[in-house]
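> Next comes the structure file run05.csv, holding CSV, C-alpha atoms.
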```
chain,number,residue,atom,x,y,z
D,1,MET,CA,2.2,128.3,-6.0
D,2,ILE,CA,1.3,125.0,-4.2
D,3,ARG,CA,5.0,124.1,-4.0
D,4,PHE,CA,5.6,127.6,-2.4
D,5,TYR,CA,2.9,127.1,0.2
D,6,PHE,CA,4.3,123.6,1.1
D,7,SER,CA,7.7,125.1,1.5
D,8,VAL,CA,6.5,127.8,3.8
D,9,ILE,CA,4.5,125.3,5.9
D,10,PHE,CA,7.5,122.9,6.1
D,11,SER,CA,9.8,125.8,7.2
D,12,PHE,CA,7.4,126.9,9.8
D,13,LEU,CA,7.0,123.3,11.3
D,14,PHE,CA,10.8,122.8,11.2
D,15,SER,CA,11.4,126.1,13.1
D,16,CYS,CA,8.9,125.0,15.8
D,17,VAL,CA,10.6,121.6,16.2
D,18,ALA,CA,14.0,123.2,16.2
D,19,ALA,CA,13.0,125.6,18.9
D,20,GLN,CA,12.6,122.8,21.5
D,21,PRO,CA,15.7,123.0,23.7
D,22,GLN,CA,17.6,119.8,24.2
D,23,GLU,CA,19.2,120.9,27.6
D,24,LEU,CA,18.2,123.4,30.2
D,25,TRP,CA,20.2,125.0,32.9
D,26,ALA,CA,19.3,127.1,36.0
D,27,THR,CA,21.4,130.0,37.0
D,28,GLY,CA,21.1,133.3,38.9
D,29,THR,CA,21.4,134.7,42.5
D,30,ALA,CA,18.9,132.0,43.8
D,31,LEU,CA,21.3,129.1,43.0
D,32,PRO,CA,23.5,128.7,46.2
D,33,ASP,CA,26.0,126.4,44.5
D,34,GLY,CA,26.0,128.0,41.0
D,35,PRO,CA,24.5,126.9,37.7
D,36,CYS,CA,23.0,123.4,37.5
D,37,GLN,CA,21.6,121.3,34.8
D,38,LEU,CA,17.9,120.3,34.9
D,39,VAL,CA,16.9,116.6,34.6
D,40,LEU,CA,15.2,115.6,31.4
D,41,ARG,CA,12.3,113.3,32.1
D,42,PRO,CA,11.1,110.5,29.8
D,43,ASP,CA,8.1,112.5,28.9
D,44,GLY,CA,10.2,115.4,27.5
D,45,LYS,CA,9.8,117.8,30.4
D,46,PHE,CA,12.6,119.1,32.6
D,47,ARG,CA,12.8,118.8,36.4
D,48,PHE,CA,14.6,120.7,39.1
D,49,ALA,CA,14.7,119.5,42.7
D,50,GLY,CA,16.9,121.1,45.3
D,51,ALA,CA,17.7,124.1,47.5
D,52,LEU,CA,17.2,127.7,46.5
D,53,THR,CA,17.9,131.0,48.2
D,54,GLU,CA,16.0,134.3,48.0
D,55,GLY,CA,16.8,135.9,44.7
D,56,GLU,CA,16.3,135.5,41.0
D,57,LEU,CA,16.5,132.4,38.9
D,58,GLN,CA,17.1,132.3,35.2
D,59,LEU,CA,16.6,129.4,32.8
D,60,MET,CA,18.8,129.0,29.8
D,61,THR,CA,19.6,126.5,27.0
D,62,THR,CA,23.4,126.4,27.5
D,63,SER,CA,25.6,125.8,30.5
D,64,THR,CA,27.3,129.2,30.0
D,65,TYR,CA,26.2,132.3,28.2
D,66,GLN,CA,27.0,132.3,24.5
D,67,GLU,CA,26.1,135.5,22.7
D,68,GLY,CA,23.6,134.8,19.9
D,69,VAL,CA,23.3,131.2,20.9
D,70,THR,CA,22.0,131.0,24.4
D,71,GLN,CA,18.2,131.4,24.8
D,72,PHE,CA,16.5,132.4,28.1
D,73,LEU,CA,13.1,131.1,29.2
D,74,ALA,CA,11.8,134.5,30.3
D,75,PRO,CA,8.4,134.7,32.1
D,76,LYS,CA,5.8,136.6,30.1
D,77,LEU,CA,4.4,138.3,33.3
D,78,VAL,CA,6.3,140.8,35.4
D,79,ASP,CA,7.4,139.6,38.8
D,80,SER,CA,6.6,135.9,38.1
D,81,TYR,CA,7.1,133.8,41.2
D,82,LEU,CA,8.7,130.4,40.8
D,83,ILE,CA,6.0,128.8,43.0
D,84,ASN,CA,2.9,128.8,40.8
D,85,TYR,CA,0.3,126.6,39.1
D,86,GLY,CA,1.9,127.0,35.6
D,87,LEU,CA,3.1,130.3,34.1
D,88,ALA,CA,3.9,130.9,30.5
D,89,TYR,CA,7.4,131.9,29.2
D,90,THR,CA,8.9,133.2,26.0
D,91,LEU,CA,12.3,132.4,24.5
D,92,THR,CA,14.7,135.3,24.1
D,93,THR,CA,18.4,135.8,23.6
D,94,ASP,CA,18.4,138.9,25.9
D,95,LYS,CA,20.6,138.0,28.9
D,96,ASN,CA,19.2,140.9,30.8
D,97,SER,CA,15.6,139.7,30.6
D,98,ALA,CA,13.8,139.2,33.9
D,99,GLY,CA,14.0,135.8,35.5
D,100,TRP,CA,11.8,134.0,38.0
D,101,VAL,CA,11.4,135.3,41.5
D,102,VAL,CA,12.4,133.1,44.4
D,103,PRO,CA,10.8,134.8,47.5
D,104,PHE,CA,12.6,132.9,50.3
D,105,SER,CA,15.3,130.3,51.0
D,106,GLU,CA,14.2,126.7,51.3
D,107,ASP,CA,15.7,123.2,50.6
D,108,SER,CA,12.6,121.6,49.0
D,109,TYR,CA,12.0,123.6,45.8
D,110,ARG,CA,10.8,121.7,42.8
D,111,PHE,CA,9.8,123.0,39.4
D,112,ILE,CA,8.9,121.5,36.0
D,113,VAL,CA,9.5,123.1,32.6
D,114,ASP,CA,7.2,122.0,29.9
D,115,THR,CA,8.9,123.0,26.7
D,116,ALA,CA,6.0,121.9,24.5
D,117,GLY,CA,3.5,124.0,26.3
D,118,ARG,CA,6.1,126.7,27.2
D,119,THR,CA,5.2,126.8,30.9
D,120,VAL,CA,7.0,126.6,34.2
D,121,ARG,CA,5.3,125.2,37.3
D,122,GLY,CA,6.9,125.3,40.8
D,123,GLU,CA,6.2,124.2,44.3
D,124,LEU,CA,7.6,123.4,47.7
D,125,PHE,CA,7.5,119.6,48.0
D,126,LEU,CA,6.7,118.2,51.4
D,127,PRO,CA,7.4,114.5,52.4
D,128,TRP,CA,4.6,112.0,52.4
D,129,ASN,CA,3.6,110.2,55.5
D,130,GLU,CA,3.8,106.7,54.0
D,131,LEU,CA,4.5,104.7,50.9
D,132,LEU,CA,3.1,101.2,50.0
D,133,ILE,CA,3.4,98.7,47.3
D,134,ALA,CA,0.2,97.5,45.7
D,135,GLY,CA,-0.5,94.8,43.0
D,136,SER,CA,-0.2,91.2,42.0
D,137,ALA,CA,3.6,90.9,42.1
D,138,PHE,CA,3.9,89.9,45.7
D,139,PRO,CA,2.1,87.1,47.7
D,140,GLY,CA,-1.4,88.1,48.8
D,141,GLY,CA,-1.5,91.3,46.9
D,142,SER,CA,-4.2,90.2,44.5
D,143,ASP,CA,-6.7,87.5,43.7
D,144,ASN,CA,-8.3,86.6,40.3
D,145,VAL,CA,-10.8,89.4,40.6
D,146,GLU,CA,-9.0,92.5,41.9
D,147,TRP,CA,-5.9,93.9,43.6
D,148,LYS,CA,-6.3,93.7,47.4
D,149,ARG,CA,-6.2,97.2,48.8
D,150,ASP,CA,-6.0,96.0,52.4
D,151,ASN,CA,-3.0,93.8,51.6
D,152,MET,CA,-0.6,96.6,50.5
D,153,GLN,CA,2.8,96.3,52.0
D,154,PRO,CA,4.5,99.4,53.6
D,155,PHE,CA,7.9,100.8,52.8
D,156,VAL,CA,10.2,102.0,55.6
D,157,ARG,CA,11.2,105.6,55.7
D,158,ASP,CA,14.9,106.4,55.7
D,159,HIS,CA,16.1,107.7,59.1
D,160,GLU,CA,18.1,110.5,57.6
D,161,ASP,CA,16.1,111.5,54.5
D,162,PRO,CA,12.3,111.9,54.9
D,163,TYR,CA,11.8,111.7,51.1
D,164,VAL,CA,13.4,108.3,50.8
D,165,PHE,CA,11.5,105.0,51.4
D,166,GLU,CA,12.7,101.4,51.1
D,167,TRP,CA,11.0,98.0,50.8
D,168,THR,CA,12.5,94.5,50.7
D,169,GLY,CA,10.4,91.4,49.8
D,170,GLU,CA,9.5,88.8,47.3
D,171,LEU,CA,8.4,89.8,43.8
D,172,GLY,CA,7.3,87.3,41.2
D,173,ILE,CA,4.6,86.2,38.7
D,174,TYR,CA,1.8,84.2,40.3
D,175,ASP,CA,-1.1,82.2,38.9
D,176,ASN,CA,-4.8,83.1,39.4
D,177,VAL,CA,-4.2,86.8,39.9
D,178,VAL,CA,-5.2,90.0,38.1
D,179,GLU,CA,-2.3,91.4,35.9
D,180,PRO,CA,0.3,88.8,37.0
D,181,GLY,CA,3.7,90.3,37.9
D,182,HIS,CA,2.6,94.0,38.0
D,183,PHE,CA,2.6,96.6,40.7
D,184,LYS,CA,2.4,100.4,41.4
D,185,LEU,CA,3.1,102.4,44.5
D,186,GLU,CA,0.5,104.3,46.7
D,187,GLY,CA,0.9,107.2,49.1
D,188,GLN,CA,-1.9,105.9,51.3
D,189,MET,CA,-3.7,102.6,51.8
D,190,THR,CA,-6.3,103.2,49.1
D,191,TRP,CA,-6.3,104.0,45.4
D,192,GLY,CA,-5.1,107.6,45.1
D,193,PRO,CA,-4.9,110.5,45.2
D,194,ARG,CA,-1.1,110.0,45.7
D,195,GLU,CA,0.2,107.3,43.4
D,196,LEU,CA,3.6,106.6,41.8
D,197,HIS,CA,3.9,105.1,38.3
D,198,PRO,CA,6.5,104.2,35.7
D,199,TYR,CA,6.5,106.4,32.5
D,200,GLN,CA,5.8,103.4,30.4
D,201,HIS,CA,3.4,100.5,31.1
D,202,ASP,CA,5.1,97.1,31.6
D,203,GLU,CA,8.4,98.8,32.4
D,204,ASP,CA,10.9,96.3,33.8
D,205,ILE,CA,11.5,97.3,37.4
D,206,LEU,CA,15.2,96.3,37.1
D,207,GLU,CA,15.6,98.8,34.3
D,208,SER,CA,13.5,101.6,35.7
D,209,THR,CA,15.1,104.8,37.1
D,210,GLN,CA,12.6,107.6,37.0
D,211,LEU,CA,9.0,107.6,38.1
D,212,ARG,CA,6.1,110.1,38.1
D,213,ILE,CA,3.5,111.2,40.5
D,214,GLY,CA,-0.1,110.7,39.2
D,215,GLY,CA,-1.1,110.5,35.5
D,216,ASP,CA,-2.0,107.4,33.6
D,217,ASP,CA,-2.4,104.1,35.5
D,218,THR,CA,0.8,102.5,34.2
D,219,LYS,CA,2.5,99.7,36.3
D,220,TRP,CA,5.9,98.2,36.7
D,221,GLN,CA,6.5,94.6,35.6
D,222,VAL,CA,8.5,91.9,37.3
D,223,LYS,CA,10.3,89.7,34.8
D,224,THR,CA,12.7,87.9,37.2
D,225,PRO,CA,11.2,86.5,40.3
D,226,GLY,CA,13.2,86.8,43.5
D,227,THR,CA,13.9,88.9,46.6
D,228,TYR,CA,14.1,92.6,45.8
D,229,ARG,CA,15.1,95.8,47.5
D,230,LEU,CA,13.2,98.9,46.2
D,231,ARG,CA,14.5,102.4,47.1
D,232,VAL,CA,12.3,105.4,46.2
D,233,ASN,CA,13.2,109.1,46.4
D,234,LEU,CA,10.0,111.1,46.2
D,235,PHE,CA,11.8,114.4,46.0
D,236,THR,CA,13.9,113.5,42.9
D,237,GLU,CA,11.2,111.1,41.6
D,238,THR,CA,13.6,108.3,41.2
D,239,ILE,CA,13.5,104.5,41.9
D,240,HIS,CA,16.2,101.9,42.2
D,241,ALA,CA,15.5,98.1,42.3
D,242,GLU,CA,18.1,95.7,43.4
D,243,LEU,CA,17.7,91.9,42.9
D,244,LEU,CA,19.1,90.4,46.1
D,245,SER,CA,18.4,86.7,45.1
D,246,VAL,CA,16.6,84.8,42.4
D,247,SER,CA,13.9,82.4,43.4
D,248,ALA,CA,12.2,79.6,41.5
D,249,SER,CA,8.6,80.7,41.5
D,250,PRO,CA,5.6,78.3,41.4
D,251,TYR,CA,4.9,78.8,37.7
D,252,GLN,CA,8.3,77.5,36.7
D,253,GLN,CA,7.5,73.8,36.2
D,254,THR,CA,10.4,72.6,34.1
D,255,THR,CA,14.0,72.2,35.0
D,256,TYR,CA,16.3,71.6,32.0
D,257,ILE,CA,19.3,69.3,32.7
D,258,GLN,CA,22.5,70.0,30.6
D,259,THR,CA,25.8,68.3,30.7
D,260,THR,CA,27.5,71.3,29.1
D,261,ASN,CA,27.5,75.0,29.9
D,262,ASP,CA,26.3,76.1,26.4
D,263,THR,CA,24.2,79.2,26.8
D,264,PRO,CA,20.7,79.0,25.3
D,265,ALA,CA,20.4,81.0,22.1
D,266,ALA,CA,17.3,82.9,23.4
D,267,ALA,CA,18.9,83.8,26.7
D,268,GLU,CA,18.6,87.5,27.6
D,269,HIS,CA,19.8,87.4,31.3
D,270,ILE,CA,21.4,84.6,33.3
D,271,TYR,CA,21.3,84.6,37.2
D,272,ASP,CA,22.6,82.3,39.9
D,273,LEU,CA,20.5,81.7,43.0
D,274,GLN,CA,22.3,84.7,44.7
D,275,GLY,CA,21.1,87.1,42.1
D,276,ASN,CA,24.4,87.5,40.4
D,277,VAL,CA,24.4,88.1,36.6
D,278,HIS,CA,26.5,85.9,34.4
D,279,GLN,CA,27.3,86.0,30.7
D,280,HIS,CA,27.2,82.2,30.4
D,281,LEU,CA,25.6,79.2,32.3
D,282,THR,CA,27.6,78.2,35.4
D,283,ARG,CA,27.8,74.9,37.2
D,284,GLY,CA,24.6,74.2,39.3
D,285,LEU,CA,21.2,75.8,39.0
D,286,ASN,CA,20.8,78.8,36.6
D,287,ILE,CA,17.7,81.0,36.3
D,288,VAL,CA,17.5,82.0,32.6
D,289,ARG,CA,15.3,84.9,31.4
D,290,GLN,CA,14.7,84.5,27.7
D,291,ALA,CA,14.1,87.2,25.1
D,292,ASP,CA,10.3,86.6,25.1
D,293,GLY,CA,10.2,87.3,28.8
D,294,THR,CA,9.7,83.6,29.9
D,295,ILE,CA,11.8,82.2,32.7
D,296,ARG,CA,13.3,78.7,32.9
D,297,LYS,CA,15.6,76.8,35.3
D,298,VAL,CA,18.7,75.2,33.8
D,299,MET,CA,20.8,72.8,35.7
D,300,VAL,CA,24.4,72.3,34.6
D,301,LYS,CA,26.2,69.3,36.0
```
Would you mind giving the structure from this file in structure tokens?

Amino acid sequence: MIRFYFSVIFSFLFSCVAAQPQELWATGTALPDGPCQLVLRPDGKFRFAGALTEGELQLMTTSTYQEGVTQFLAPKLVDSYLINYGLAYTLTTDKNSAGWVVPFSEDSYRFIVDTAGRTVRGELFLPWNELLIAGSAFPGGSDNVEWKRDNMQPFVRDHEDPYVFEWTGELGIYDNVVEPGHFKLEGQMTWGPRELHPYQHDEDILESTQLRIGGDDTKWQVKTPGTYRLRVNLFTETIHAELLSVSASPYQQTTYIQTTNDTPAAAEHIYDLQGNVHQHLTRGLNIVRQADGTIRKVMVK
């Protein structure tokens, strides 16, 4: 009898896990360019950002309808509008089930599908007035007590896209500051309410692609000091960091002199002073980031 109960419980849990869709697609008369795939966020939720026209939008688990396979995320309430604070849905294989109502045409629709909570939340997203970088990863951004709110540095808005901001400047790891080498982004020159964070704390800015608005106070980490260009798209919640050149920051005290170009065993990334990545040491000064995150300069004659 105990074995039977365990079997029933395991089967129930397995069916709940299996019910989580791995992909989601939007289709319907509200999609001006036809079906499109939603973006899977690092937190497991799905995101759509784009233009919609007046009509109906359906959410399904396959790119095209497959009888008996495709599931639709049908709203539980009649006439559920896509713009909402979070409405519940149910999974069904009925392709004729009601979809989500898009009341008017607009270019700035965004909605989030929470497959764990089985809800859809939508909005019209408006551009922010400003974006600033805050933290200890740039000169003057922090002291040994706190991050300096008044020393945040502004991004520049793109002339053609009001959702895109860009910043260029020095990022590094400095002594006598709070949380060395870390930063986050603010939508105003104060702490909140508009803040941008990585999904994981200590996320390497050079490897980060998606960001989130609000939530836990996680920060990006700078592992390679140098001149950076940061490009943020608020609408798609994406970030791209480009290392323009590598700099020898003050905390790097030792320069190793080598007569051969043998690559250090612990080397993770090797840069020249122009920020180019190399597989092996090259003649001249190399900036080597090791597997433990430390940086050292290696001179090859």
> How would you write as a PDB file with C-alpha atoms, in the coordinates of the input the residues that get within 12 Å of (9.9, 114.4, 34.2) in the file's frame, counting only C-alpha atoms?

```
ATOM      1  CA  LEU D  38      17.900 120.300  34.900  1.00  0.00           C
ATOM      2  CA  VAL D  39      16.900 116.600  34.600  1.00  0.00           C
ATOM      3  CA  LEU D  40      15.200 115.600  31.400  1.00  0.00           C
ATOM      4  CA  ARG D  41      12.300 113.300  32.100  1.00  0.00           C
ATOM      5  CA  PRO D  42      11.100 110.500  29.800  1.00  0.00           C
ATOM      6  CA  ASP D  43       8.100 112.500  28.900  1.00  0.00           C
ATOM      7  CA  GLY D  44      10.200 115.400  27.500  1.00  0.00           C
ATOM      8  CA  LYS D  45       9.800 117.800  30.400  1.00  0.00           C
ATOM      9  CA  PHE D  46      12.600 119.100  32.600  1.00  0.00           C
ATOM     10  CA  ARG D  47      12.800 118.800  36.400  1.00  0.00           C
ATOM     11  CA  PHE D  48      14.600 120.700  39.100  1.00  0.00           C
ATOM     12  CA  ALA D  49      14.700 119.500  42.700  1.00  0.00           C
ATOM     13  CA  ARG D 110      10.800 121.700  42.800  1.00  0.00           C
ATOM     14  CA  PHE D 111       9.800 123.000  39.400  1.00  0.00           C
ATOM     15  CA  ILE D 112       8.900 121.500  36.000  1.00  0.00           C
ATOM     16  CA  VAL D 113       9.500 123.100  32.600  1.00  0.00           C
ATOM     17  CA  ASP D 114       7.200 122.000  29.900  1.00  0.00           C
ATOM     18  CA  THR D 115       8.900 123.000  26.700  1.00  0.00           C
ATOM     19  CA  HIS D 197       3.900 105.100  38.300  1.00  0.00           C
ATOM     20  CA  PRO D 198       6.500 104.200  35.700  1.00  0.00           C
ATOM     21  CA  TYR D 199       6.500 106.400  32.500  1.00  0.00           C
ATOM     22  CA  THR D 209      15.100 104.800  37.100  1.00  0.00           C
ATOM     23  CA  GLN D 210      12.600 107.600  37.000  1.00  0.00           C
ATOM     24  CA  LEU D 211       9.000 107.600  38.100  1.00  0.00           C
ATOM     25  CA  ARG D 212       6.100 110.100  38.100  1.00  0.00           C
ATOM     26  CA  ILE D 213       3.500 111.200  40.500  1.00  0.00           C
ATOM     27  CA  GLY D 214      -0.100 110.700  39.200  1.00  0.00           C
ATOM     28  CA  GLY D 215      -1.100 110.500  35.500  1.00  0.00           C
ATOM     29  CA  PHE D 235      11.800 114.400  46.000  1.00  0.00           C
ATOM     30  CA  THR D 236      13.900 113.500  42.900  1.00  0.00           C
ATOM     31  CA  GLU D 237      11.200 111.100  41.600  1.00  0.00           C
ATOM     32  CA  THR D 238      13.600 108.300  41.200  1.00  0.00           C
TER      33      THR D 238
END
```
> Rounded to one decimal in Å, what is the spacing between CA of Asp94 (chain D) and CA of Ala51 (chain D)?
26.2 Å
> Rounded to one decimal in Å, what is the spacing between CA of Met299 (chain D) and CA of Ser136 (chain D)?
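Distance between the two atoms: 28.6 Å.
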> So, with all atoms listed in the file as the atoms that count, which of D:Trp100, D:Tyr89, D:Phe155, D:Trp167 lies closest to Gly117 (chain D)?
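Residue with the minimum atom-to-atom distance to Gly117 (chain D): D:Tyr89.
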> State, in Å with one decimal place, the distance from CA of Lys223 (chain D) to CA of Glu242 (chain D).
13.1 Å
> Looking at D:Tyr109, D:Tyr174, D:Tyr271, D:Tyr228, which one is nearest to Leu52 (chain D), with distances taken over all atoms listed in the file?
D:Tyr109
> In terms of the shortest atom-to-atom distance over all atoms listed in the file, which of D:Val102, D:Met60, D:Leu131, D:Leu171 is closest to Ile83 (chain D)?
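Distance minimum relative to Ile83 (chain D) lands on D:Val102.
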> Which one is closest to Asn144 (chain D): D:Asn84, D:Asn176, D:Gln290, D:Thr263? Count all atoms listed in the file.
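Closest to Asn144 (chain D) of all the choices is D:Asn176.
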